[in-house]
Every structure is written in structure tokens, then in C-alpha cells.
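Asker: My structure is in structure05.pdb, and what it holds is PDB, C-alpha atoms:
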ATOM      1  CA  MET A   1      11.332  32.920  22.821
ATOM      2  CA  LEU A   2      13.023  29.644  21.866
ATOM      3  CA  LYS A   3      14.527  29.295  25.355
ATOM      4  CA  LYS A   4      11.114  29.924  26.928
ATOM      5  CA  ALA A   5       9.501  27.246  24.742
ATOM      6  CA  VAL A   6      12.212  24.736  25.636
ATOM      7  CA  THR A   7      11.824  25.575  29.323
ATOM      8  CA  ARG A   8       8.050  25.033  29.147
ATOM      9  CA  ARG A   9       8.502  21.622  27.523
ATOM     10  CA  GLN A  10      11.003  20.620  30.197
ATOM     11  CA  VAL A  11       8.607  21.714  32.957
ATOM     12  CA  LYS A  12       5.763  19.678  31.424
ATOM     13  CA  LYS A  13       8.032  16.651  31.100
ATOM     14  CA  ASN A  14       9.149  16.918  34.735
ATOM     15  CA  LEU A  15       5.618  17.040  36.154
ATOM     16  CA  PRO A  16       4.776  14.167  38.557
ATOM     17  CA  LEU A  17       2.866  11.231  37.105
ATOM     18  CA  GLY A  18      -0.176  11.928  39.285
ATOM     19  CA  VAL A  19      -0.412  15.516  38.044
ATOM     20  CA  ARG A  20      -0.118  14.449  34.414
ATOM     21  CA  TRP A  21      -2.743  11.735  34.936
ATOM     22  CA  ARG A  22      -5.257  14.155  36.460
ATOM     23  CA  ARG A  23      -4.636  16.539  33.579
ATOM     24  CA  ASP A  24      -4.727  14.015  30.680
ATOM     25  CA  TRP A  25      -6.802  11.039  31.883
ATOM     26  CA  GLN A  26      -9.557  11.726  29.341
ATOM     27  CA  MET A  27      -7.052  11.571  26.467
ATOM     28  CA  VAL A  28      -5.583   8.339  27.848
ATOM     29  CA  LEU A  29      -9.030   6.724  27.997
ATOM     30  CA  LEU A  30      -9.718   7.765  24.419
ATOM     31  CA  MET A  31      -6.462   6.105  23.377
ATOM     32  CA  VAL A  32      -7.199   2.766  25.107
ATOM     33  CA  PRO A  33      -9.469   1.266  22.364
ATOM     34  CA  GLY A  34      -6.858   1.954  19.692
ATOM     35  CA  VAL A  35      -4.075   0.429  21.778
ATOM     36  CA  VAL A  36      -6.175  -2.677  22.493
ATOM     37  CA  PHE A  37      -6.982  -3.003  18.781
ATOM     38  CA  LEU A  38      -3.270  -2.842  17.879
ATOM     39  CA  LEU A  39      -2.340  -5.393  20.537
ATOM     40  CA  VAL A  40      -5.033  -7.905  19.616
ATOM     41  CA  PHE A  41      -4.910  -7.706  15.824
ATOM     42  CA  PHE A  42      -1.300  -6.658  15.093
ATOM     43  CA  TYR A  43       1.112  -7.513  17.891
ATOM     44  CA  LEU A  44      -0.301 -10.723  19.407
ATOM     45  CA  PRO A  45      -0.465 -12.465  15.979
ATOM     46  CA  VAL A  46       3.317 -11.916  15.682
ATOM     47  CA  ILE A  47       3.693 -14.829  18.108
ATOM     48  CA  GLY A  48       2.362 -17.049  15.325
ATOM     49  CA  ASN A  49       5.640 -16.574  13.448
ATOM     50  CA  LEU A  50       7.063 -19.278  15.731
ATOM     51  CA  VAL A  51       5.243 -21.726  13.466
ATOM     52  CA  ALA A  52       7.818 -20.956  10.765
ATOM     53  CA  PHE A  53      10.483 -22.674  12.885
ATOM     54  CA  GLN A  54       8.380 -25.706  13.834
ATOM     55  CA  ASP A  55       6.908 -28.838  12.332
ATOM     56  CA  PHE A  56       3.571 -27.390  13.305
ATOM     57  CA  GLN A  57       0.653 -29.685  14.035
ATOM     58  CA  PRO A  58      -2.668 -27.892  14.687
ATOM     59  CA  TYR A  59      -3.870 -30.454  17.199
ATOM     60  CA  LEU A  60      -0.637 -30.075  19.218
ATOM     61  CA  GLY A  61      -0.463 -26.280  19.080
ATOM     62  CA  ILE A  62       2.535 -23.985  19.134
ATOM     63  CA  MET A  63       3.670 -25.038  22.605
ATOM     64  CA  HIS A  64       3.929 -28.769  21.818
ATOM     65  CA  SER A  65       4.898 -28.922  18.138
ATOM     66  CA  GLU A  66       8.442 -30.035  17.353
ATOM     67  CA  TRP A  67      11.098 -27.482  16.462
ATOM     68  CA  ASN A  68      12.956 -27.941  13.197
ATOM     69  CA  GLY A  69      14.969 -24.715  13.000
ATOM     70  CA  LEU A  70      15.404 -23.322   9.491
ATOM     71  CA  GLN A  71      14.238 -26.459   7.681
ATOM     72  CA  ASN A  72      11.028 -24.776   6.502
ATOM     73  CA  PHE A  73      13.041 -22.017   4.844
ATOM     74  CA  VAL A  74      15.257 -24.655   3.186
ATOM     75  CA  ASN A  75      12.117 -26.340   1.868
ATOM     76  CA  LEU A  76      10.987 -23.015   0.415
ATOM     77  CA  TYR A  77      14.353 -22.606  -1.282
ATOM     78  CA  ASP A  78      13.897 -26.004  -2.945
ATOM     79  CA  ASN A  79      10.259 -25.374  -3.903
ATOM     80  CA  PRO A  80       9.919 -24.173  -7.530
ATOM     81  CA  ASP A  81       6.363 -22.971  -6.857
ATOM     82  CA  PHE A  82       7.717 -20.490  -4.304
ATOM     83  CA  TRP A  83      10.164 -19.035  -6.824
ATOM     84  CA  ASP A  84       7.417 -18.769  -9.441
ATOM     85  CA  ALA A  85       5.257 -16.879  -6.930
ATOM     86  CA  LEU A  86       8.186 -14.619  -6.022
ATOM     87  CA  ARG A  87       8.912 -13.885  -9.694
ATOM     88  CA  ASN A  88       5.275 -13.021 -10.370
ATOM     89  CA  THR A  89       5.173 -10.842  -7.271
ATOM     90  CA  LEU A  90       8.248  -8.853  -8.308
ATOM     91  CA  ILE A  91       6.985  -8.403 -11.883
ATOM     92  CA  LEU A  92       3.552  -7.259 -10.758
ATOM     93  CA  ALA A  93       5.031  -5.006  -8.073
ATOM     94  CA  ALA A  94       7.335  -3.342 -10.613
ATOM     95  CA  VAL A  95       4.455  -2.792 -13.043
ATOM     96  CA  GLN A  96       2.272  -1.355 -10.266
ATOM     97  CA  LEU A  97       5.060   0.938  -9.095
ATOM     98  CA  LEU A  98       5.776   2.275 -12.581
ATOM     99  CA  LEU A  99       2.218   2.588 -13.874
ATOM    100  CA  PHE A 100       0.029   3.099 -10.809
ATOM    101  CA  PHE A 101       2.109   5.370  -8.574
ATOM    102  CA  PRO A 102       2.177   8.405 -10.944
ATOM    103  CA  VAL A 103      -1.593   8.272 -11.641
ATOM    104  CA  PRO A 104      -2.829   9.676  -8.278
ATOM    105  CA  LEU A 105      -0.294  12.506  -8.570
ATOM    106  CA  ALA A 106      -1.501  13.322 -12.082
ATOM    107  CA  LEU A 107      -5.138  13.230 -10.943
ATOM    108  CA  ALA A 108      -4.346  15.565  -8.031
ATOM    109  CA  LEU A 109      -2.693  18.046 -10.410
ATOM    110  CA  ILE A 110      -5.715  17.886 -12.726
ATOM    111  CA  VAL A 111      -8.170  18.432  -9.875
ATOM    112  CA  ASP A 112      -6.103  21.295  -8.484
ATOM    113  CA  SER A 113      -6.087  22.999 -11.879
ATOM    114  CA  LEU A 114      -9.874  22.910 -12.230
ATOM    115  CA  VAL A 115     -11.239  26.416 -11.846
ATOM    116  CA  SER A 116     -14.850  25.533 -11.040
ATOM    117  CA  ASN A 117     -15.351  24.239  -7.498
ATOM    118  CA  ARG A 118     -18.498  22.440  -8.611
ATOM    119  CA  VAL A 119     -16.653  20.520 -11.332
ATOM    120  CA  ARG A 120     -13.870  19.774  -8.853
ATOM    121  CA  ARG A 121     -16.290  18.288  -6.316
ATOM    122  CA  TRP A 122     -17.980  16.137  -8.949
ATOM    123  CA  PHE A 123     -14.625  14.906 -10.259
ATOM    124  CA  GLN A 124     -13.407  14.018  -6.751
ATOM    125  CA  THR A 125     -16.624  12.191  -5.918
ATOM    126  CA  ILE A 126     -16.539  10.122  -9.104
ATOM    127  CA  ALA A 127     -12.855   9.303  -8.559
ATOM    128  CA  TYR A 128     -13.368   8.285  -4.900
ATOM    129  CA  LEU A 129     -16.372   5.997  -5.381
ATOM    130  CA  PRO A 130     -14.666   2.865  -6.787
ATOM    131  CA  HIS A 131     -12.479   2.619  -3.674
ATOM    132  CA  PHE A 132     -15.526   1.623  -1.613
ATOM    133  CA  LEU A 133     -16.369  -1.304  -3.896
ATOM    134  CA  SER A 134     -15.135  -4.761  -2.942
ATOM    135  CA  TRP A 135     -12.722  -6.603  -5.224
ATOM    136  CA  VAL A 136     -15.456  -9.158  -5.930
ATOM    137  CA  LEU A 137     -17.628  -6.438  -7.438
ATOM    138  CA  VAL A 138     -14.711  -4.837  -9.284
ATOM    139  CA  ILE A 139     -13.700  -8.127 -10.928
ATOM    140  CA  THR A 140     -17.335  -8.774 -11.799
ATOM    141  CA  LEU A 141     -17.642  -5.365 -13.499
ATOM    142  CA  PHE A 142     -14.471  -5.990 -15.508
ATOM    143  CA  GLN A 143     -15.705  -9.466 -16.434
ATOM    144  CA  GLN A 144     -19.009  -8.049 -17.683
ATOM    145  CA  SER A 145     -17.120  -5.403 -19.678
ATOM    146  CA  LEU A 146     -14.018  -7.227 -20.953
ATOM    147  CA  GLY A 147     -14.822 -10.932 -20.498
ATOM    148  CA  GLY A 148     -15.433 -13.410 -23.295
ATOM    149  CA  ALA A 149     -19.156 -12.676 -23.208
ATOM    150  CA  GLY A 150     -18.678  -9.098 -22.092
ATOM    151  CA  PHE A 151     -19.753  -5.836 -23.668
ATOM    152  CA  VAL A 152     -16.544  -5.106 -25.608
ATOM    153  CA  ASN A 153     -16.203  -8.587 -27.125
ATOM    154  CA  ASN A 154     -19.876  -8.619 -28.111
ATOM    155  CA  LEU A 155     -19.279  -5.394 -30.019
ATOM    156  CA  LEU A 156     -16.259  -6.979 -31.724
ATOM    157  CA  ARG A 157     -18.343 -10.012 -32.734
ATOM    158  CA  GLN A 158     -21.053  -7.775 -34.153
ATOM    159  CA  ALA A 159     -18.380  -5.966 -36.173
ATOM    160  CA  GLY A 160     -17.158  -9.299 -37.550
ATOM    161  CA  LEU A 161     -13.918  -9.297 -35.531
ATOM    162  CA  ASP A 162     -12.467 -11.988 -33.307
ATOM    163  CA  PRO A 163     -12.946 -11.513 -29.553
ATOM    164  CA  ILE A 164      -9.919 -10.525 -27.470
ATOM    165  CA  PRO A 165      -9.184 -12.545 -24.296
ATOM    166  CA  PHE A 166      -8.694  -9.548 -21.998
ATOM    167  CA  MET A 167      -9.485 -11.481 -18.798
ATOM    168  CA  THR A 168      -7.820 -14.813 -19.600
ATOM    169  CA  ASN A 169      -4.541 -13.886 -21.301
ATOM    170  CA  PRO A 170      -1.581 -14.612 -18.965
ATOM    171  CA  ASP A 171       0.760 -12.410 -21.024
ATOM    172  CA  THR A 172      -1.298  -9.246 -20.495
ATOM    173  CA  PHE A 173      -2.402 -10.089 -16.965
ATOM    174  CA  PRO A 174      -0.040  -7.528 -15.290
ATOM    175  CA  LEU A 175      -1.564  -4.725 -17.371
ATOM    176  CA  LEU A 176      -5.069  -5.934 -16.510
ATOM    177  CA  VAL A 177      -4.211  -5.954 -12.800
ATOM    178  CA  VAL A 178      -2.817  -2.419 -12.918
ATOM    179  CA  THR A 179      -5.853  -1.188 -14.866
ATOM    180  CA  GLN A 180      -8.155  -2.610 -12.207
ATOM    181  CA  LEU A 181      -6.027  -1.085  -9.446
ATOM    182  CA  ILE A 182      -5.994   2.343 -11.093
ATOM    183  CA  TRP A 183      -9.757   2.305 -11.575
ATOM    184  CA  LYS A 184     -10.395   1.265  -7.997
ATOM    185  CA  ASP A 185      -7.809   3.093  -5.869
ATOM    186  CA  ALA A 186      -6.212   5.935  -7.854
ATOM    187  CA  GLY A 187      -8.906   8.395  -6.780
ATOM    188  CA  TRP A 188      -8.516   7.469  -3.129
ATOM    189  CA  ALA A 189      -4.705   7.730  -3.255
ATOM    190  CA  MET A 190      -5.134  11.182  -4.805
ATOM    191  CA  ILE A 191      -6.306  12.591  -1.443
ATOM    192  CA  ILE A 192      -2.816  12.766   0.052
ATOM    193  CA  PHE A 193      -1.437  14.614  -2.968
ATOM    194  CA  LEU A 194      -4.346  17.065  -2.860
ATOM    195  CA  ALA A 195      -3.539  17.755   0.782
ATOM    196  CA  ALA A 196       0.087  18.399  -0.139
ATOM    197  CA  LEU A 197      -0.960  20.809  -2.878
ATOM    198  CA  THR A 198      -2.839  22.960  -0.381
ATOM    199  CA  ALA A 199       0.460  23.618   1.424
ATOM    200  CA  VAL A 200       2.121  25.161  -1.654
ATOM    201  CA  ASP A 201       2.582  28.914  -1.235
ATOM    202  CA  VAL A 202       0.318  30.702  -3.739
ATOM    203  CA  SER A 203       2.635  33.715  -3.794
ATOM    204  CA  LEU A 204       5.258  31.571  -5.521
ATOM    205  CA  TYR A 205       2.862  31.015  -8.443
ATOM    206  CA  GLU A 206       2.060  34.721  -8.595
ATOM    207  CA  ALA A 207       5.743  35.686  -8.622
ATOM    208  CA  ALA A 208       6.548  33.090 -11.293
ATOM    209  CA  ALA A 209       3.626  34.250 -13.453
ATOM    210  CA  ALA A 210       4.798  37.841 -13.106
ATOM    211  CA  ASP A 211       8.220  36.737 -14.357
ATOM    212  CA  GLY A 212       6.633  35.169 -17.420
ATOM    213  CA  ALA A 213       6.682  31.507 -16.377
ATOM    214  CA  GLY A 214       4.004  29.436 -18.087
ATOM    215  CA  ARG A 215       1.863  26.719 -16.526
ATOM    216  CA  TRP A 216       4.316  23.906 -17.273
ATOM    217  CA  ARG A 217       7.300  25.807 -15.893
ATOM    218  CA  ARG A 218       5.355  26.623 -12.721
ATOM    219  CA  LEU A 219       4.443  22.942 -12.411
ATOM    220  CA  TRP A 220       8.034  21.791 -12.884
ATOM    221  CA  HIS A 221       9.791  24.413 -10.775
ATOM    222  CA  ILE A 222       7.231  25.098  -8.004
ATOM    223  CA  THR A 223       4.546  22.433  -7.659
ATOM    224  CA  LEU A 224       6.601  19.263  -7.945
ATOM    225  CA  PRO A 225       9.539  20.495  -5.790
ATOM    226  CA  SER A 226       7.055  21.585  -3.115
ATOM    227  CA  MET A 227       5.535  18.086  -3.107
ATOM    228  CA  ARG A 228       8.848  16.229  -3.216
ATOM    229  CA  THR A 229       8.837  15.303   0.471
ATOM    230  CA  VAL A 230       5.351  13.772   0.254
ATOM    231  CA  ILE A 231       6.185  11.961  -2.989
ATOM    232  CA  VAL A 232       9.346  10.463  -1.480
ATOM    233  CA  LEU A 233       7.480   9.463   1.682
ATOM    234  CA  LEU A 234       4.762   7.618  -0.251
ATOM    235  CA  LEU A 235       7.351   6.040  -2.518
ATOM    236  CA  ILE A 236       9.233   4.686   0.518
ATOM    237  CA  LEU A 237       6.028   3.216   1.932
ATOM    238  CA  ARG A 238       5.212   1.630  -1.417
ATOM    239  CA  ILE A 239       8.687   0.096  -1.693
ATOM    240  CA  GLY A 240       8.410  -1.304   1.839
ATOM    241  CA  ASP A 241       5.096  -2.922   0.897
ATOM    242  CA  ILE A 242       6.208  -3.948  -2.573
ATOM    243  CA  LEU A 243       5.847  -7.699  -1.948
ATOM    244  CA  SER A 244       2.191  -7.259  -0.917
ATOM    245  CA  VAL A 245       0.654  -6.791  -4.332
ATOM    246  CA  GLY A 246      -2.752  -7.990  -3.149
ATOM    247  CA  PHE A 247      -4.661 -11.134  -2.245
ATOM    248  CA  GLU A 248      -8.345 -10.891  -3.177
ATOM    249  CA  GLN A 249      -7.649  -9.410  -6.585
ATOM    250  CA  PHE A 250      -5.398 -12.334  -7.531
ATOM    251  CA  ILE A 251      -7.211 -15.220  -5.913
ATOM    252  CA  LEU A 252     -10.406 -14.202  -7.717
ATOM    253  CA  GLN A 253      -8.636 -14.351 -11.114
ATOM    254  CA  ARG A 254      -6.224 -17.201 -10.433
ATOM    255  CA  ASP A 255      -8.324 -19.858 -12.135
ATOM    256  CA  SER A 256      -9.031 -17.784 -15.255
ATOM    257  CA  VAL A 257      -5.388 -16.992 -16.118
ATOM    258  CA  GLY A 258      -3.697 -19.887 -14.314
ATOM    259  CA  PRO A 259      -1.333 -20.050 -11.323
ATOM    260  CA  GLY A 260       1.642 -19.416 -13.607
ATOM    261  CA  ALA A 261       0.541 -15.786 -14.050
ATOM    262  CA  ALA A 262      -1.562 -15.026 -10.960
ATOM    263  CA  GLU A 263       0.263 -16.910  -8.198
ATOM    264  CA  VAL A 264       1.880 -14.350  -5.870
ATOM    265  CA  LEU A 265       3.365 -14.700  -2.390
ATOM    266  CA  ASP A 266       0.067 -13.986  -0.660
ATOM    267  CA  THR A 267      -1.841 -16.629  -2.605
ATOM    268  CA  PHE A 268       1.078 -19.073  -2.310
ATOM    269  CA  THR A 269       0.986 -18.678   1.468
ATOM    270  CA  TYR A 270      -2.756 -19.308   1.485
ATOM    271  CA  TYR A 271      -2.684 -22.406  -0.723
ATOM    272  CA  ALA A 272       0.431 -23.869   0.913
ATOM    273  CA  GLY A 273      -0.597 -23.183   4.496
ATOM    274  CA  VAL A 274      -4.393 -23.176   4.678
ATOM    275  CA  VAL A 275      -5.485 -25.275   1.696
ATOM    276  CA  GLY A 276      -2.498 -27.631   1.592
ATOM    277  CA  GLY A 277      -2.228 -27.983   5.354
ATOM    278  CA  ASP A 278       1.507 -27.169   5.399
ATOM    279  CA  TRP A 279       1.162 -24.434   8.008
ATOM    280  CA  SER A 280       4.900 -24.209   8.654
ATOM    281  CA  SER A 281       5.819 -23.543   5.024
ATOM    282  CA  GLY A 282       3.075 -20.939   4.727
ATOM    283  CA  ALA A 283       4.279 -19.207   7.894
ATOM    284  CA  ALA A 284       7.891 -19.329   6.654
ATOM    285  CA  ALA A 285       6.896 -17.701   3.361
ATOM    286  CA  GLY A 286       4.941 -14.993   5.180
ATOM    287  CA  LEU A 287       7.802 -14.316   7.597
ATOM    288  CA  ALA A 288      10.343 -14.149   4.783
ATOM    289  CA  LYS A 289       8.132 -11.655   2.951
ATOM    290  CA  GLY A 290       7.829  -9.501   6.072
ATOM    291  CA  VAL A 291      11.578  -9.487   6.717
ATOM    292  CA  VAL A 292      12.387  -8.576   3.111
ATOM    293  CA  GLY A 293       9.752  -5.812   3.218
ATOM    294  CA  ALA A 294      11.283  -4.383   6.410
ATOM    295  CA  LEU A 295      14.759  -4.406   4.828
ATOM    296  CA  LEU A 296      13.447  -2.669   1.706
ATOM    297  CA  LEU A 297      11.734  -0.063   3.862
ATOM    298  CA  TRP A 298      14.946   0.581   5.811
ATOM    299  CA  GLY A 299      17.012   0.760   2.607
ATOM    300  CA  ALA A 300      14.603   3.169   0.887
ATOM    301  CA  ASN A 301      14.490   5.364   3.984
ATOM    302  CA  SER A 302      18.308   5.447   4.185
ATOM    303  CA  LEU A 303      18.486   6.393   0.500
ATOM    304  CA  ALA A 304      16.014   9.211   1.131
ATOM    305  CA  HIS A 305      18.265  10.535   3.917
ATOM    306  CA  ARG A 306      21.227  10.528   1.530
ATOM    307  CA  LEU A 307      19.147  12.569  -0.935
ATOM    308  CA  GLY A 308      18.363  15.129   1.763
ATOM    309  CA  GLU A 309      14.781  14.042   2.478
ATOM    310  CA  PRO A 310      13.447  13.353   6.019
ATOM    311  CA  GLY A 311      11.900  10.008   5.037
ATOM    312  CA  ILE A 312       9.677   8.095   7.462
ATOM    313  CA  PHE A 313      11.938   8.037  10.506
ATOM    314  CA  GLN A 314      15.279   9.638  11.241
ATOM    315  CA  ARG A 315      17.832   9.788  13.976
ATOM    316  CA  ARG A 316      17.748  12.580  16.470
ATOM    317  CA  SER A 317      20.833  14.743  16.402
TER     318      SER A 317
END
Using C-alpha cells, write down the structure that the file contains.
Answerer:
Amino acid sequence: MLKKAVTRRQVKKNLPLGVRWRRDWQMVLLMVPGVVFLLVFFYLPVIGNLVAFQDFQPYLGIMHSEWNGLQNFVNLYDNPDFWDALRNTLILAAVQLLLFFPVPLALALIVDSLVSNRVRRWFQTIAYLPHFLSWVLVITLFQQSLGGAGFVNNLLRQAGLDPIPFMTNPDTFPLLVVTQLIWKDAGWAMIIFLAALTAVDVSLYEAAAADGAGRWRRLWHITLPSMRTVIVLLLILRIGDILSVGFEQFILQRDSVGPGAAEVLDTFTYYAGVVGGDWSSGAAAGLAKGVVGALLLWGANSLAHRLGEPGIFQRRS
């Protein structure tokens, strides 16, 4: 059977181009809009990275601006604001990775354990909804709840207690950011883990229960090992995107807590390049972030291979 399947794949691969076109032209046409979208919005903008190696002048354009090699990257190295933004980015990324990443997995396990389908549907719906709210609305809701004139501080004043600066304290800003992120996106991120749970063989639970294994032992020895590949895959993707902690969420709260706490690489690129007019430095910071992210992605994927996991991509034997 295996030889027959291999032979069929080889025959399909060796078909003339005209035959394959007549057979699959509808699928090719359906794929064209997606390919055009990727080219226009993802691949063509990569050309703009040339600005990072130029003394870019908008009125001259990329073709006529002077080249200055790696000078923009040297300027970043000497810029203390860049290092402050990088430090904040790494701190916030570490806090998000440690506190946010486990929450969708825990929510998926809770939803999967709910016996009533009706309760499960209501729980999923309530957990999904905040994802569709914009960051402007999310920050506004938190401001109305935890701000200086918000609901919680008004209750504290009525009780004769001093108000707590939840929204303006730079020291607790990372925890505030993670709380907002959990409220907004944990329910949406739960979907992938729920899909992975559906692939777990139910007979394994039945056999473990027959052997006397309780709920926690079944969770530890069956559920989590069955989801390990998905967990590692999502963890690799998160590590590769670790320097992109967000833009809207931070720029909306930058003035309330100060740049010292809320300035990250994305906002630094915006203020240096767009607001400050130093397009080359902004492009250099963005390119450096992309290169570091690609290296982290490759390193995390290689580590996953060493641990016996398939990862995102792997070599063909």
C-alpha cells in the first residue's frame, strides 16, 4: 500500500504543466488574492529596510538618498533611549511569557472539564468577546475601573482609604499590561489549546480511570503530554515574536506612566522615525528587532529539535 501511494504521488508530480493547470486552475485562481495580499503588504515593504543603511531624506527617496553603511546602527548603540526601550521590552516580554502564556492553557483545561455543553458555550463566548474590542476601548474600560477617578478608587475613598495609582504607577506597569492582555486575548488564545484537546484519545482517560488514576494524575500523565507538541510550537512562536510586545497598548499609556516605563522598541521606532523625523534610525531599530526575532525563532526551533519535538520547520531526511 505504501509503495502504491508513493507511486501515485510521483505520477501526479510528473504530470505536464498543462494537464495540472486544467485540473487545478480554479484552486490557483482562489489563491491569487492571498498571494497578492502577501506581496503588497508583507514582501514589498521589505525593500524599505534599505533606509536603515542610508541617510534617508523623504524628498529624495530611497533611490537618491546617500548611503552611510552601518552608521545608523552605531548611532543606536550610542543612544541611551534605545537601550532603555530595549530593557523595557525584554522585561515586559519576560513578564508576558511567564504570566500570560499559561493562562490560555489553563482556561482550555477548565472549559474541557465542564460537563454541561450549555455552560461551556457561555464560558467560551464570554472569554472570546474581549478579543474583538480595540485597545482604545480596553484602556478606557481599565481607566474607568482602576483610574484615579475610577470605580475601585472611589470605593476606597468612600471607605476612608487612600486611592491606589493602578494606572499611573511605573513600578507596577508590567503587571497592569499583563492583566490587560490576559483580559483581552487569553480567551482567544485558548482556541488552539481546545483544538489540541479534541485530539486526545478518550480511551486513554478510560484506561487510566480504570487503573485508579485521579483527575490530576490523568491531567499530568495524559493531557499535558498529548498537548506537548502544540505547547512547544506556540512557545517557539512566542519566543520568535518576543520583542513585539505591542504598540497601541503602550502608546496609549505612555504619557500616564512615563516613557521610562512604557517606552518599548515599537514606540521608540515610531517616535524616532515618524515623530522625530529620523527615518533611518527608526528603520535601523526595526530591522535590528526583526533580525534578533528571526535568530530567536531559529534558536528556539533548534532547541525543540534537540528535545525531540518537530518544531515549526525541520529538515527533510
Asker: Quick one: residues within 7 Å of Asn301 (chain A), all atoms listed in the file, excluding same-chain residues fewer than 6 positions away - as a PyMOL selection string?
Answerer: chain A and resi 236+311-312
Asker: Once the PyMOL selection byres ((chain A and resi 95-107) around 7) is applied to the coordinates I shared, what remains selected? I want it as a list in words.
Answerer: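 Applying the PyMOL selection byres ((chain A and resi 95-107) around 7) to the structure shown produces Ile91, Leu92, Ala93, Ala94, Ala108, Leu109, Ile110, Val111, Pro174, Val178, Ile182, Ala186, Gly187, Ala189, Met190 and Phe193 of chain A.
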Asker: Compile the contact shell of Leu219 (chain A) as a list of chain:residue names: residues with an atom at most 12 Å away, counting only C-alpha atoms, same-chain residues fewer than 5 positions apart removed.
Answerer: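 The contact residues come out as A:Ala106, A:Leu109, A:Ile110, A:Asp112, A:Ser113, A:Leu197, A:Val200, A:Leu204, A:Tyr205, A:Ala208, A:Ala209, A:Ala213, A:Gly214, A:Leu224, A:Pro225, A:Ser226, A:Met227.
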Asker: So how far away is CA of Val51 (chain A) from CA of Met63 (chain A), in Å?
Answerer: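 According to the coordinates, CA of Met63 (chain A) and CA of Val51 (chain A) are separated by 9.8 Å.
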Asker: Of the candidates A:Asn79, A:Leu50, A:Leu137, A:Pro170, which shows the shortest atom-to-atom distance to Trp67 (chain A), using only C-alpha atoms?
Answerer: A:Leu50
Asker: Pick out the residues sitting within 9 Å of Glu248 (chain A), and hand them over as a PyMOL selection string; count only C-alpha atoms, and ignore anything fewer than 5 positions along from it in its own chain.
Answerer: chain A and resi 135-136+253+267
Asker: Please evaluate the PyMOL selection byres ((chain A and resi 139) around 12) against the displayed coordinates and give the resulting residues as a PyMOL selection string.
Answerer: chain A and resi 130+133-138+140-147+167+176-177+179-181+183-184+248-254+256
Asker: For each of A:Ala85, A:Leu287, A:Leu30, A:Ile242, take the minimum atom-to-atom distance to Ala300 (chain A), counting all atoms listed in the file, then give the residue where this is smallest.
Answerer: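 With all atoms listed in the file as the atom set, the closest residue is A:Ile242.
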Asker: For CA of Leu90 (chain A) and CA of Phe247 (chain A), determine how far apart the two atoms are, in Å to one decimal place.
Answerer: 14.4 Å
Asker: May I ask which of the residues A:Leu86, A:Pro45, A:Leu194, A:Gln54 is the closest one to Phe73 (chain A), counting only C-alpha atoms?
Answerer: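 The closest residue to Phe73 (chain A) is A:Gln54.
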Asker: CA of Glu309 (chain A) and CA of Leu233 (chain A), how far apart in Å?
Answerer: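 Calculated distance between CA of Leu233 (chain A) and CA of Glu309 (chain A) is 8.7 Å.
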